[in-house]
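Engineer: This structure is in structure tokens; I'll ask about it shortly.
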Amino acid sequence: MRSHITERYGKSFTPPELTFQDWGVSAADLEPHYDRFEYLFGISGKAGNLRGKKIAGGNVFEDPRAREYPNPPQKEPYGSARFRKAAESLGYHAYPQPSANMSRPYTNPEGLQLHTCTFCGFCERFGCEHFAKGSPQTALLPVLFKQSGYELRTQCQVLRINFDKAARRATSATYVDAQGREFEQPAQLVIVALYALSNVHMLLVSGVGRPYDAQSGQGVVGRNYCYQTTSGVQVFYDESVNINPFMRSGSNGTMLSDFSSDHFDHGKLGFVGGAYIGEIMTHGRPIEFHPVPPGTPAWGSEWKKAVARHYNHTSSLNVHGSSVASRANYLDLDPTYKDAWGLPLLRMTFDFPDNDLRMSAYCTERAVEIANAMGAKQVVGDPRKGPYNATVYQSTHNTGGTVMGTDPATSVVNRYLQSWDLPNVFVIGASCFPQNASYNPTGTVGALAYWAADAIVRRYLKSPGPLV
Amino acid sequence: MKLLLFAVAFFVLSQVQAQPSGVAACAQCHGTEGQAKGVPPLAGQPRLYLVRQLDAYAEGRRHHEVMTPIAKGLTPQQRAQLAEYFAQLAVSAADAKAKSDEVPARGRMLATHGDNDLRVPACANCHGPSGVGREPNPYLAGLHAKYLAEALQAWKDGRRDTDPSRSMDVIAKNLSDTDVNAAAAYYAAQEKPAPKAKTPAKKKPAPSTKPGAGTKAPSGVGAEGGAATSGGAQGPGGNAPAPADGKN
């Protein structure tokens with residue numbers, strides 16, 4: 001990202017406090033690994049660029065892919081169809097959001113069979129009992145369980161990675177089981193694949209890698225922590241438009257990438273990054289979904305009436321914005337609070353960089369224009385404004401803190417996700433993203449996991465040592 | 001002339017919508033109320049399900065020595081009208097209780113949980129609890145075990161092609177003959193769905209008689225900068241700002 005922005009807009013375009021950087025891998029490097037991940041999970045979608053040939057109806061801004069998605073897109077909900085027509089009338093390039101919900105019966109390359117999604121509306125926060133969602137328990141674990149040498153130890157908590165500093169080798173991991181017994185598990189190779197925030201915590205409590213110091217800007221672990229700059233637009237229709245929000249799957253809808261990444265000219269806008277915009281609704285669960293227009297009382301009979309009036313007649317547009325790295329945003333160990341095992345908690349220091357608030361204002365405005373073309377009675381857009389508040393749910397797309405890169409001074413792991421300090425430690429997850437490029441992280445997490453696994457199997461195991 | 005005849009026919013049909021032409025043919029076996037004993041009930045089955053079956057018989061995607069020639073003899077319009085007619089018939093209360101045979105545990109397991117090793121999802125996921133049906137999927141409760149087993153067997157053998165999601169094709173193939181019979185026996189022993197209540201007339205909400213009386217609820221205001229004043233976000237907490245929250 002850094003090279004591209006500098007090349008297109010010049011070195012002075014980016015304020016010095018923004019520390020976004022290059023990934024160290026290219027889209028072409030990762031393409032086969034994205035492909036493998038998509039075929040494992042049976043992703044439904046439509047290609048917009050097959051080997052360089054742009055295809056209308058797919059994401060024409062995407063990097064070239066070698067072949068189509070394993071499954072065609074899911075059915076387009078009514079609200080999403082209205083979005084597509086409105087977006088196309090404004091000259092934008094709408095496409096179905098790729099989804100790990102099956103659009104037809106599918107048997108993945110591991111031989112596991114998945115079933116057609118029923119749009120039950122209980123997907124994105126739930127396990128799928130219908131075998132209709134690509135997830136580890138449906139698409140991979142049954143195969144692993146049959147593999148000799150595979151063992152899953154549940155209800156265990158790893159406390160730290162132990163290492164021999166002189167030899168630059170991790171030697172073991174210490175963990176406690178459900179009964180509180182402590183074990184030391186010797187290891188030739190340690191793969192840290194926790195949640196993004198927990199990856200950072202594990203390295204910090206273990207003392208692997210130099211912790212980031214915000215004052216000096218030196219150090220790497222905890223650096224470039226990023227989030228997701230989300231905002232939304234409500235599209236209120238009259239009662240003749242029934243959108244049936246409950247008939248949805250986990251990532252069901254239509255979106256566009258005309259305003260994400262650098263697909264539009266940032267020259268006069270004064271920010272980097274962007275957002276995908278889409279009518280992507282995942283459910284109509286009434287405790288969570290009760291859209292009402294501004295001015296409605298927050299409780300009481302008037303509120304209830306408004307919920308009943310608008311429940312089936314409101315579309316929500318996502319403005320799913322990028323989050324750039326900034327010197328002041330980072331993760332470190334809390335000096336005061338400790339967890340149940342006496343380890344310091346992870347501390348998050350974060351606020352939205354001005355860059356991202358400008359991005360949100362601009363992209364939300366574009367979404368409002370689309371919403372107005374959707375035949376709405378009333379449109380309400382809310383660009384993200386600071387300060388950051390952890391009490392209101394926005395996203396679980398936390399990224400950064402153990403970022404990948406080509407320079408040990410600005411990254412924790414190399415381009416193969418291998419620790420610069422301990423070559424037998426690999427870190428996998430969204431914590432390796434140098435910044436959050438606006439899209440949901442899972443696809444890239446999966447592609448990077450295959451990319452790293454490929455390097456481990458083909459190169460590292462044959463000759464253990466630094467791969468770079 | 002042809003067009004005129006058609007127009008007349010259509011006029012006649014729309015006049016006697018309660019009983020479109022062709023009902024007599026169906027009634028010979030299924031009864032005028034669509035629930036004669038010994039044949040699969042039509043009453044109260046989803047309209048879309050019924051029309052798909054008639055179309056499938058006519059187009060050779062489902063086979064039955066009696067049904068196939070009858071469906072082939074009907075026009076697509078007639079098939080649609082017959083489906084609509086039988087869909088709106090109520091399951092009669094007298095017939096609602098099926099005899100409660102012994103329910104096989106295996107059948108109950110397949111119906112309510114499926115089978116993880118066979119990768120078979122629960123029948124209930126699509127056919128509703130106890131098989132009461134879920135539009136556009138038919139109810140199975142109280143149907144004859146032999147009929148249900150034959151339906152599954154037809155999918156298993158690739159003789160039936162009536163499910164656009166192709167779920168039944170895959171699921172039936174994963175079931176053994178014993179499983180097919182167990183699932184069929186379970187649903188045969190369930191009570192037929194209760195008669196559908198007539199859609200009640202829309203009640204007008206009572207106008208607020210005491211404006212301003214009592215404590216006035218505050219207008220929705222965002223909980224943080226950038227939070228929506230519009231509510232309706234999909235994240236936990238309800239008044240969270242961004243609809244993007246729905247995704248995680």
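Here's how to read the names in the structure tokens: chain A, B, ... by the order shown, residue numbers from 1 in each chain, ligand numbers from 1 in the order shown.
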Output as a PDB file with N, CA and C atoms, in the first residue's frame the set of chain A residues within 7 Å of chain B, with distances taken over only C-alpha atoms.

Structural biologist:
```pdb
ATOM      1  N   ARG A 104     -25.477 -24.271  -3.389  1.00  0.00           N
ATOM      2  CA  ARG A 104     -25.906 -25.570  -3.919  1.00  0.00           C
ATOM      3  C   ARG A 104     -25.129 -26.639  -3.143  1.00  0.00           C
ATOM      4  N   PRO A 105     -25.517 -27.928  -3.271  1.00  0.00           N
ATOM      5  CA  PRO A 105     -24.727 -28.956  -2.584  1.00  0.00           C
ATOM      6  C   PRO A 105     -23.294 -28.931  -3.109  1.00  0.00           C
ATOM      7  N   HIS A 115     -24.283 -28.686   2.381  1.00  0.00           N
ATOM      8  CA  HIS A 115     -25.630 -28.608   1.820  1.00  0.00           C
ATOM      9  C   HIS A 115     -26.031 -27.171   1.489  1.00  0.00           C
ATOM     10  N   THR A 116     -27.069 -27.058   0.687  1.00  0.00           N
ATOM     11  CA  THR A 116     -27.559 -25.743   0.278  1.00  0.00           C
ATOM     12  C   THR A 116     -28.082 -24.957   1.480  1.00  0.00           C
ATOM     13  N   GLU A 124     -24.503 -15.574  11.123  1.00  0.00           N
ATOM     14  CA  GLU A 124     -23.182 -14.962  11.280  1.00  0.00           C
ATOM     15  C   GLU A 124     -22.642 -15.035  12.696  1.00  0.00           C
ATOM     16  N   GLU A 129     -25.902 -25.886  11.897  1.00  0.00           N
ATOM     17  CA  GLU A 129     -26.237 -27.298  12.108  1.00  0.00           C
ATOM     18  C   GLU A 129     -26.720 -27.940  10.821  1.00  0.00           C
ATOM     19  N   HIS A 130     -26.719 -27.160   9.751  1.00  0.00           N
ATOM     20  CA  HIS A 130     -27.270 -27.657   8.485  1.00  0.00           C
ATOM     21  C   HIS A 130     -26.151 -28.027   7.497  1.00  0.00           C
ATOM     22  N   PHE A 131     -24.903 -27.953   7.926  1.00  0.00           N
ATOM     23  CA  PHE A 131     -23.752 -28.192   7.041  1.00  0.00           C
ATOM     24  C   PHE A 131     -23.813 -27.271   5.821  1.00  0.00           C
ATOM     25  N   THR A 230     -16.366   1.570  10.432  1.00  0.00           N
ATOM     26  CA  THR A 230     -17.684   1.281   9.882  1.00  0.00           C
ATOM     27  C   THR A 230     -18.628   2.469  10.022  1.00  0.00           C
ATOM     28  N   SER A 231     -19.546   2.551   9.105  1.00  0.00           N
ATOM     29  CA  SER A 231     -20.670   3.470   9.272  1.00  0.00           C
ATOM     30  C   SER A 231     -21.849   2.886   8.513  1.00  0.00           C
ATOM     31  N   GLY A 232     -22.981   3.529   8.633  1.00  0.00           N
ATOM     32  CA  GLY A 232     -24.171   2.925   8.039  1.00  0.00           C
ATOM     33  C   GLY A 232     -25.139   3.941   7.491  1.00  0.00           C
ATOM     34  N   SER A 251     -23.673 -13.766   4.918  1.00  0.00           N
ATOM     35  CA  SER A 251     -23.079 -12.586   4.279  1.00  0.00           C
ATOM     36  C   SER A 251     -23.775 -12.386   2.943  1.00  0.00           C
ATOM     37  N   MET A 281     -27.378  -7.497   4.546  1.00  0.00           N
ATOM     38  CA  MET A 281     -28.030  -7.704   5.840  1.00  0.00           C
ATOM     39  C   MET A 281     -28.013  -9.203   6.096  1.00  0.00           C
ATOM     40  N   THR A 282     -27.815  -9.562   7.339  1.00  0.00           N
ATOM     41  CA  THR A 282     -27.610 -10.975   7.617  1.00  0.00           C
ATOM     42  C   THR A 282     -28.770 -11.606   8.370  1.00  0.00           C
ATOM     43  N   GLU A 288     -32.279  -7.673  17.891  1.00  0.00           N
ATOM     44  CA  GLU A 288     -31.145  -6.902  17.385  1.00  0.00           C
ATOM     45  C   GLU A 288     -31.541  -5.930  16.280  1.00  0.00           C
ATOM     46  N   PHE A 289     -32.543  -6.279  15.517  1.00  0.00           N
ATOM     47  CA  PHE A 289     -32.870  -5.472  14.333  1.00  0.00           C
ATOM     48  C   PHE A 289     -34.209  -4.778  14.533  1.00  0.00           C
ATOM     49  N   HIS A 290     -34.142  -3.497  14.827  1.00  0.00           N
ATOM     50  CA  HIS A 290     -35.386  -2.744  14.973  1.00  0.00           C
ATOM     51  C   HIS A 290     -35.164  -1.303  14.528  1.00  0.00           C
ATOM     52  N   PRO A 291     -35.103  -1.122  13.202  1.00  0.00           N
ATOM     53  CA  PRO A 291     -34.795   0.201  12.673  1.00  0.00           C
ATOM     54  C   PRO A 291     -35.956   1.180  12.873  1.00  0.00           C
ATOM     55  N   VAL A 292     -35.635   2.340  13.376  1.00  0.00           N
ATOM     56  CA  VAL A 292     -36.640   3.408  13.482  1.00  0.00           C
ATOM     57  C   VAL A 292     -36.004   4.728  13.052  1.00  0.00           C
ATOM     58  N   PRO A 293     -36.782   5.634  12.468  1.00  0.00           N
ATOM     59  CA  PRO A 293     -36.205   6.890  12.002  1.00  0.00           C
ATOM     60  C   PRO A 293     -35.805   7.804  13.163  1.00  0.00           C
ATOM     61  N   PRO A 294     -34.927   8.762  12.889  1.00  0.00           N
ATOM     62  CA  PRO A 294     -34.522   9.702  13.938  1.00  0.00           C
ATOM     63  C   PRO A 294     -35.747  10.429  14.487  1.00  0.00           C
ATOM     64  N   GLY A 295     -35.700  10.742  15.772  1.00  0.00           N
ATOM     65  CA  GLY A 295     -36.816  11.443  16.388  1.00  0.00           C
ATOM     66  C   GLY A 295     -37.789  10.493  17.062  1.00  0.00           C
ATOM     67  N   THR A 296     -37.638   9.189  16.802  1.00  0.00           N
ATOM     68  CA  THR A 296     -38.499   8.214  17.478  1.00  0.00           C
ATOM     69  C   THR A 296     -38.065   8.112  18.934  1.00  0.00           C
ATOM     70  N   PRO A 297     -39.024   8.089  19.857  1.00  0.00           N
ATOM     71  CA  PRO A 297     -38.617   7.904  21.259  1.00  0.00           C
ATOM     72  C   PRO A 297     -37.836   6.606  21.418  1.00  0.00           C
ATOM     73  N   ALA A 298     -36.939   6.560  22.396  1.00  0.00           N
ATOM     74  CA  ALA A 298     -36.048   5.401  22.548  1.00  0.00           C
ATOM     75  C   ALA A 298     -36.724   4.225  23.233  1.00  0.00           C
ATOM     76  N   TRP A 299     -37.875   4.427  23.809  1.00  0.00           N
ATOM     77  CA  TRP A 299     -38.622   3.314  24.400  1.00  0.00           C
ATOM     78  C   TRP A 299     -40.088   3.698  24.496  1.00  0.00           C
ATOM     79  N   GLY A 300     -40.910   2.738  24.920  1.00  0.00           N
ATOM     80  CA  GLY A 300     -42.327   3.031  25.117  1.00  0.00           C
ATOM     81  C   GLY A 300     -43.166   2.695  23.896  1.00  0.00           C
ATOM     82  N   SER A 316     -30.590  -1.638   5.299  1.00  0.00           N
ATOM     83  CA  SER A 316     -29.404  -1.028   5.899  1.00  0.00           C
ATOM     84  C   SER A 316     -28.236  -1.181   4.939  1.00  0.00           C
ATOM     85  N   LEU A 317     -27.556  -0.077   4.701  1.00  0.00           N
ATOM     86  CA  LEU A 317     -26.352  -0.144   3.870  1.00  0.00           C
ATOM     87  C   LEU A 317     -25.124  -0.140   4.775  1.00  0.00           C
ATOM     88  N   ASN A 318     -24.193  -1.015   4.472  1.00  0.00           N
ATOM     89  CA  ASN A 318     -22.917  -1.035   5.180  1.00  0.00           C
ATOM     90  C   ASN A 318     -21.932  -0.148   4.442  1.00  0.00           C
ATOM     91  N   VAL A 319     -21.221   0.651   5.200  1.00  0.00           N
ATOM     92  CA  VAL A 319     -20.073   1.368   4.645  1.00  0.00           C
ATOM     93  C   VAL A 319     -18.883   0.840   5.446  1.00  0.00           C
ATOM     94  N   HIS A 320     -18.187  -0.108   4.840  1.00  0.00           N
ATOM     95  CA  HIS A 320     -17.238  -0.926   5.584  1.00  0.00           C
ATOM     96  C   HIS A 320     -15.836  -0.407   5.308  1.00  0.00           C
ATOM     97  N   ASP A 382     -25.007   8.002   8.676  1.00  0.00           N
ATOM     98  CA  ASP A 382     -24.238   8.363   9.864  1.00  0.00           C
ATOM     99  C   ASP A 382     -22.771   8.053   9.662  1.00  0.00           C
ATOM    100  N   PRO A 383     -21.987   9.015   9.170  1.00  0.00           N
ATOM    101  CA  PRO A 383     -20.553   8.733   9.053  1.00  0.00           C
ATOM    102  C   PRO A 383     -19.940   8.519  10.430  1.00  0.00           C
ATOM    103  N   ARG A 384     -18.885   7.735  10.476  1.00  0.00           N
ATOM    104  CA  ARG A 384     -18.194   7.501  11.742  1.00  0.00           C
ATOM    105  C   ARG A 384     -17.599   8.811  12.252  1.00  0.00           C
ATOM    106  N   LYS A 385     -17.784   9.050  13.530  1.00  0.00           N
ATOM    107  CA  LYS A 385     -17.159  10.210  14.155  1.00  0.00           C
ATOM    108  C   LYS A 385     -16.432   9.715  15.394  1.00  0.00           C
ATOM    109  N   GLY A 386     -15.360  10.396  15.760  1.00  0.00           N
ATOM    110  CA  GLY A 386     -14.636   9.999  16.958  1.00  0.00           C
ATOM    111  C   GLY A 386     -15.326  10.544  18.192  1.00  0.00           C
ATOM    112  N   PRO A 387     -14.831  10.314  19.368  1.00  0.00           N
ATOM    113  CA  PRO A 387     -13.729   9.388  19.624  1.00  0.00           C
ATOM    114  C   PRO A 387     -14.205   7.937  19.632  1.00  0.00           C
ATOM    115  N   ASN A 389     -15.166   4.384  20.891  1.00  0.00           N
ATOM    116  CA  ASN A 389     -15.811   3.958  22.120  1.00  0.00           C
ATOM    117  C   ASN A 389     -15.996   2.448  22.067  1.00  0.00           C
ATOM    118  N   VAL A 392     -19.719   0.376  22.330  1.00  0.00           N
ATOM    119  CA  VAL A 392     -20.713   0.185  21.287  1.00  0.00           C
ATOM    120  C   VAL A 392     -20.121  -0.721  20.214  1.00  0.00           C
ATOM    121  N   TYR A 393     -20.771  -1.842  19.977  1.00  0.00           N
ATOM    122  CA  TYR A 393     -20.239  -2.816  19.033  1.00  0.00           C
ATOM    123  C   TYR A 393     -20.133  -2.211  17.631  1.00  0.00           C
ATOM    124  N   GLN A 394     -18.970  -2.406  17.015  1.00  0.00           N
ATOM    125  CA  GLN A 394     -18.800  -1.943  15.637  1.00  0.00           C
ATOM    126  C   GLN A 394     -18.351  -3.068  14.719  1.00  0.00           C
ATOM    127  N   SER A 395     -17.414  -3.865  15.192  1.00  0.00           N
ATOM    128  CA  SER A 395     -16.858  -4.919  14.359  1.00  0.00           C
ATOM    129  C   SER A 395     -15.938  -5.771  15.219  1.00  0.00           C
ATOM    130  N   THR A 396     -15.697  -7.009  14.771  1.00  0.00           N
ATOM    131  CA  THR A 396     -14.660  -7.823  15.411  1.00  0.00           C
ATOM    132  C   THR A 396     -13.442  -7.929  14.498  1.00  0.00           C
TER     133      THR A 396
END
```

Engineer: Got a sec to tell me which of region 135-190 of chain B DSSP assigns to alpha helix (DSSP H), as a PyMOL selection string?

Structural biologist: chain B and resi 145-156+167-174+177-188

Engineer: Emit the selected residues as an mmCIF file, in the first residue's frame, including N, CA and C atoms.

Structural biologist:
```cif
data_model
loop_
_atom_site.group_PDB
_atom_site.id
_atom_site.type_symbol
_atom_site.label_atom_id
_atom_site.label_comp_id
_atom_site.auth_asym_id
_atom_site.auth_seq_id
_atom_site.Cartn_x
_atom_site.Cartn_y
_atom_site.Cartn_z
ATOM 1 N N ALA B 145 -46.484 -43.817 6.080
ATOM 2 C CA ALA B 145 -45.062 -44.189 6.123
ATOM 3 C C ALA B 145 -44.579 -44.736 4.780
ATOM 4 N N LYS B 146 -45.437 -45.510 4.138
ATOM 5 C CA LYS B 146 -45.023 -46.122 2.880
ATOM 6 C C LYS B 146 -44.795 -45.047 1.807
ATOM 7 N N TYR B 147 -45.687 -44.038 1.813
ATOM 8 C CA TYR B 147 -45.549 -42.940 0.852
ATOM 9 C C TYR B 147 -44.253 -42.160 1.096
ATOM 10 N N LEU B 148 -43.995 -41.863 2.375
ATOM 11 C CA LEU B 148 -42.782 -41.097 2.707
ATOM 12 C C LEU B 148 -41.525 -41.883 2.337
ATOM 13 N N ALA B 149 -41.535 -43.170 2.637
ATOM 14 C CA ALA B 149 -40.363 -43.994 2.333
ATOM 15 C C ALA B 149 -40.139 -44.066 0.824
ATOM 16 N N GLU B 150 -41.230 -44.175 0.078
ATOM 17 C CA GLU B 150 -41.102 -44.227 -1.380
ATOM 18 C C GLU B 150 -40.556 -42.896 -1.925
ATOM 19 N N ALA B 151 -40.989 -41.795 -1.316
ATOM 20 C CA ALA B 151 -40.489 -40.485 -1.761
ATOM 21 C C ALA B 151 -38.971 -40.408 -1.564
ATOM 22 N N LEU B 152 -38.524 -40.804 -0.378
ATOM 23 C CA LEU B 152 -37.078 -40.779 -0.110
ATOM 24 C C LEU B 152 -36.333 -41.727 -1.040
ATOM 25 N N GLN B 153 -36.945 -42.896 -1.259
ATOM 26 C CA GLN B 153 -36.306 -43.884 -2.116
ATOM 27 C C GLN B 153 -36.167 -43.346 -3.549
ATOM 28 N N ALA B 154 -37.180 -42.607 -3.990
ATOM 29 C CA ALA B 154 -37.136 -42.050 -5.348
ATOM 30 C C ALA B 154 -35.968 -41.072 -5.489
ATOM 31 N N TRP B 155 -35.756 -40.274 -4.447
ATOM 32 C CA TRP B 155 -34.601 -39.357 -4.494
ATOM 33 C C TRP B 155 -33.291 -40.136 -4.444
ATOM 34 N N LYS B 156 -33.290 -41.140 -3.591
ATOM 35 C CA LYS B 156 -32.096 -41.969 -3.421
ATOM 36 C C LYS B 156 -31.688 -42.599 -4.760
ATOM 37 N N SER B 167 -31.272 -30.300 -2.116
ATOM 38 C CA SER B 167 -30.929 -30.829 -0.795
ATOM 39 C C SER B 167 -31.437 -32.250 -0.632
ATOM 40 N N MET B 168 -32.693 -32.494 -1.060
ATOM 41 C CA MET B 168 -33.272 -33.824 -0.860
ATOM 42 C C MET B 168 -32.505 -34.881 -1.646
ATOM 43 N N ASP B 169 -32.037 -34.532 -2.810
ATOM 44 C CA ASP B 169 -31.271 -35.489 -3.621
ATOM 45 C C ASP B 169 -30.065 -35.993 -2.834
ATOM 46 N N VAL B 170 -29.337 -35.022 -2.221
ATOM 47 C CA VAL B 170 -28.103 -35.362 -1.521
ATOM 48 C C VAL B 170 -28.403 -36.080 -0.211
ATOM 49 N N ILE B 171 -29.372 -35.554 0.524
ATOM 50 C CA ILE B 171 -29.671 -36.116 1.845
ATOM 51 C C ILE B 171 -30.154 -37.563 1.713
ATOM 52 N N ALA B 172 -31.072 -37.825 0.774
ATOM 53 C CA ALA B 172 -31.628 -39.175 0.628
ATOM 54 C C ALA B 172 -30.533 -40.173 0.272
ATOM 55 N N LYS B 173 -29.600 -39.741 -0.545
ATOM 56 C CA LYS B 173 -28.506 -40.645 -0.945
ATOM 57 C C LYS B 173 -27.621 -41.017 0.239
ATOM 58 N N ASN B 174 -27.577 -40.127 1.250
ATOM 59 C CA ASN B 174 -26.745 -40.410 2.427
ATOM 60 C C ASN B 174 -27.427 -41.365 3.403
ATOM 61 N N ASP B 177 -31.353 -47.747 3.714
ATOM 62 C CA ASP B 177 -32.761 -48.141 3.616
ATOM 63 C C ASP B 177 -33.413 -48.175 5.001
ATOM 64 N N THR B 178 -32.653 -48.605 5.989
ATOM 65 C CA THR B 178 -33.173 -48.636 7.356
ATOM 66 C C THR B 178 -33.501 -47.223 7.831
ATOM 67 N N ASP B 179 -32.600 -46.268 7.522
ATOM 68 C CA ASP B 179 -32.830 -44.879 7.912
ATOM 69 C C ASP B 179 -34.066 -44.313 7.216
ATOM 70 N N VAL B 180 -34.214 -44.634 5.949
ATOM 71 C CA VAL B 180 -35.368 -44.156 5.189
ATOM 72 C C VAL B 180 -36.659 -44.607 5.881
ATOM 73 N N ASN B 181 -36.709 -45.877 6.258
ATOM 74 C CA ASN B 181 -37.914 -46.405 6.903
ATOM 75 C C ASN B 181 -38.116 -45.802 8.290
ATOM 76 N N ALA B 182 -37.014 -45.572 9.002
ATOM 77 C CA ALA B 182 -37.123 -45.002 10.350
ATOM 78 C C ALA B 182 -37.663 -43.579 10.291
ATOM 79 N N ALA B 183 -37.136 -42.767 9.366
ATOM 80 C CA ALA B 183 -37.604 -41.383 9.239
ATOM 81 C C ALA B 183 -39.072 -41.370 8.815
ATOM 82 N N ALA B 184 -39.423 -42.250 7.882
ATOM 83 C CA ALA B 184 -40.802 -42.307 7.404
ATOM 84 C C ALA B 184 -41.745 -42.700 8.538
ATOM 85 N N ALA B 185 -41.328 -43.669 9.345
ATOM 86 C CA ALA B 185 -42.177 -44.122 10.458
ATOM 87 C C ALA B 185 -42.353 -43.012 11.486
ATOM 88 N N TYR B 186 -41.291 -42.257 11.704
ATOM 89 C CA TYR B 186 -41.394 -41.161 12.673
ATOM 90 C C TYR B 186 -42.452 -40.148 12.233
ATOM 91 N N TYR B 187 -42.371 -39.721 10.984
ATOM 92 C CA TYR B 187 -43.312 -38.688 10.536
ATOM 93 C C TYR B 187 -44.731 -39.214 10.403
ATOM 94 N N ALA B 188 -44.861 -40.506 10.066
ATOM 95 C CA ALA B 188 -46.203 -41.080 9.979
ATOM 96 C C ALA B 188 -46.894 -41.033 11.337
#
```

Engineer: If we count only C-alpha atoms and set the cut-off at 12 Å, which residues sit around Gly91 (chain A), ignoring sequence neighbours fewer than 2 positions away in its own chain? Please answer as a ChimeraX atom specification.

Structural biologist: /A:84-89,93-94,256,258,370,373

Engineer: What does the file look like for those residues with N, CA and C atoms, as a PDB file, in the first residue's frame?

Structural biologist:
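Dumped everything to out-v1.pdb:
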```
ATOM      1  N   ARG A  84     -28.625  -2.879  -6.075  1.00  0.00           N
ATOM      2  CA  ARG A  84     -27.893  -3.111  -7.327  1.00  0.00           C
ATOM      3  C   ARG A  84     -28.404  -2.194  -8.432  1.00  0.00           C
ATOM      4  N   LYS A  85     -29.731  -2.113  -8.544  1.00  0.00           N
ATOM      5  CA  LYS A  85     -30.286  -1.267  -9.604  1.00  0.00           C
ATOM      6  C   LYS A  85     -29.906   0.191  -9.388  1.00  0.00           C
ATOM      7  N   ALA A  86     -29.976   0.637  -8.135  1.00  0.00           N
ATOM      8  CA  ALA A  86     -29.631   2.034  -7.834  1.00  0.00           C
ATOM      9  C   ALA A  86     -28.161   2.292  -8.137  1.00  0.00           C
ATOM     10  N   ALA A  87     -27.297   1.362  -7.721  1.00  0.00           N
ATOM     11  CA  ALA A  87     -25.853   1.537  -7.928  1.00  0.00           C
ATOM     12  C   ALA A  87     -25.535   1.567  -9.419  1.00  0.00           C
ATOM     13  N   GLU A  88     -26.163   0.669 -10.165  1.00  0.00           N
ATOM     14  CA  GLU A  88     -25.896   0.628 -11.605  1.00  0.00           C
ATOM     15  C   GLU A  88     -26.408   1.877 -12.303  1.00  0.00           C
ATOM     16  N   SER A  89     -27.520   2.433 -11.809  1.00  0.00           N
ATOM     17  CA  SER A  89     -28.037   3.667 -12.410  1.00  0.00           C
ATOM     18  C   SER A  89     -27.071   4.824 -12.203  1.00  0.00           C
ATOM     19  N   HIS A  93     -20.296  -0.428 -10.028  1.00  0.00           N
ATOM     20  CA  HIS A  93     -20.128  -1.830 -10.420  1.00  0.00           C
ATOM     21  C   HIS A  93     -20.536  -2.765  -9.289  1.00  0.00           C
ATOM     22  N   ALA A  94     -21.823  -3.047  -9.220  1.00  0.00           N
ATOM     23  CA  ALA A  94     -22.338  -3.865  -8.120  1.00  0.00           C
ATOM     24  C   ALA A  94     -22.069  -5.345  -8.390  1.00  0.00           C
ATOM     25  N   LEU A 256     -20.446  -2.975  -3.704  1.00  0.00           N
ATOM     26  CA  LEU A 256     -19.595  -2.431  -4.754  1.00  0.00           C
ATOM     27  C   LEU A 256     -18.267  -1.982  -4.156  1.00  0.00           C
ATOM     28  N   ASP A 258     -16.297   0.374  -5.848  1.00  0.00           N
ATOM     29  CA  ASP A 258     -15.877   1.599  -6.535  1.00  0.00           C
ATOM     30  C   ASP A 258     -15.199   2.582  -5.586  1.00  0.00           C
ATOM     31  N   ILE A 370     -26.550   6.616  -3.147  1.00  0.00           N
ATOM     32  CA  ILE A 370     -27.111   5.354  -3.662  1.00  0.00           C
ATOM     33  C   ILE A 370     -28.458   5.084  -3.003  1.00  0.00           C
ATOM     34  N   ALA A 373     -31.265   6.752  -4.446  1.00  0.00           N
ATOM     35  CA  ALA A 373     -31.687   6.195  -5.734  1.00  0.00           C
ATOM     36  C   ALA A 373     -32.416   4.861  -5.565  1.00  0.00           C
TER      37      ALA A 373
END
```

Engineer: Residues within 9 Å of region 260-270 of chain A, please, as JSON, numbers by chain. Count only C-alpha atoms; anything in the same chain fewer than 4 positions from it doesn't count.

Structural biologist: {"A": [1, 4, 5, 8, 9, 13, 14, 61, 256, 274, 275, 276, 277, 320, 321, 322, 355, 358, 359, 362, 363, 437, 438, 439]}

Engineer: Let me make sure I understand: among B:Gln45, B:Ser176, B:Thr112, B:Thr68, which one has the smallest atom-to-atom distance to Leu89 (chain B) if we use only C-alpha atoms?

Structural biologist: B:Gln45

Engineer: Neighbours of Phe119 (chain A) within 10 Å (only C-alpha atoms; same-chain residues fewer than 2 positions away dropped), as a compact mmCIF listing (two decimals) with C-alpha atoms, in the first residue's frame?

Structural biologist:
```txt
# COMPACT_ATOMS: atom_id res chain seq x y z
CA GLN A 74 -26.46 -17.03 -3.49
CA LYS A 75 -29.88 -15.72 -4.41
CA ASN A 101 -22.95 -20.10 2.62
CA THR A 116 -27.56 -25.74 0.28
CA CYS A 117 -28.10 -22.84 2.67
CA GLY A 121 -31.28 -15.91 9.39
CA PHE A 122 -29.24 -17.38 12.24
CA CYS A 123 -25.84 -17.54 10.65
CA ALA A 132 -24.50 -25.16 4.87
CA PHE A 246 -35.25 -12.49 8.20
CA MET A 247 -34.65 -14.35 4.92
CA ARG A 248 -30.90 -13.91 4.91
CA SER A 249 -27.70 -15.83 5.21
CA GLY A 250 -24.43 -14.93 6.89
CA ASN A 252 -25.91 -12.18 1.88
CA THR A 282 -27.61 -10.98 7.62
CA HIS A 283 -30.80 -11.38 9.60
```
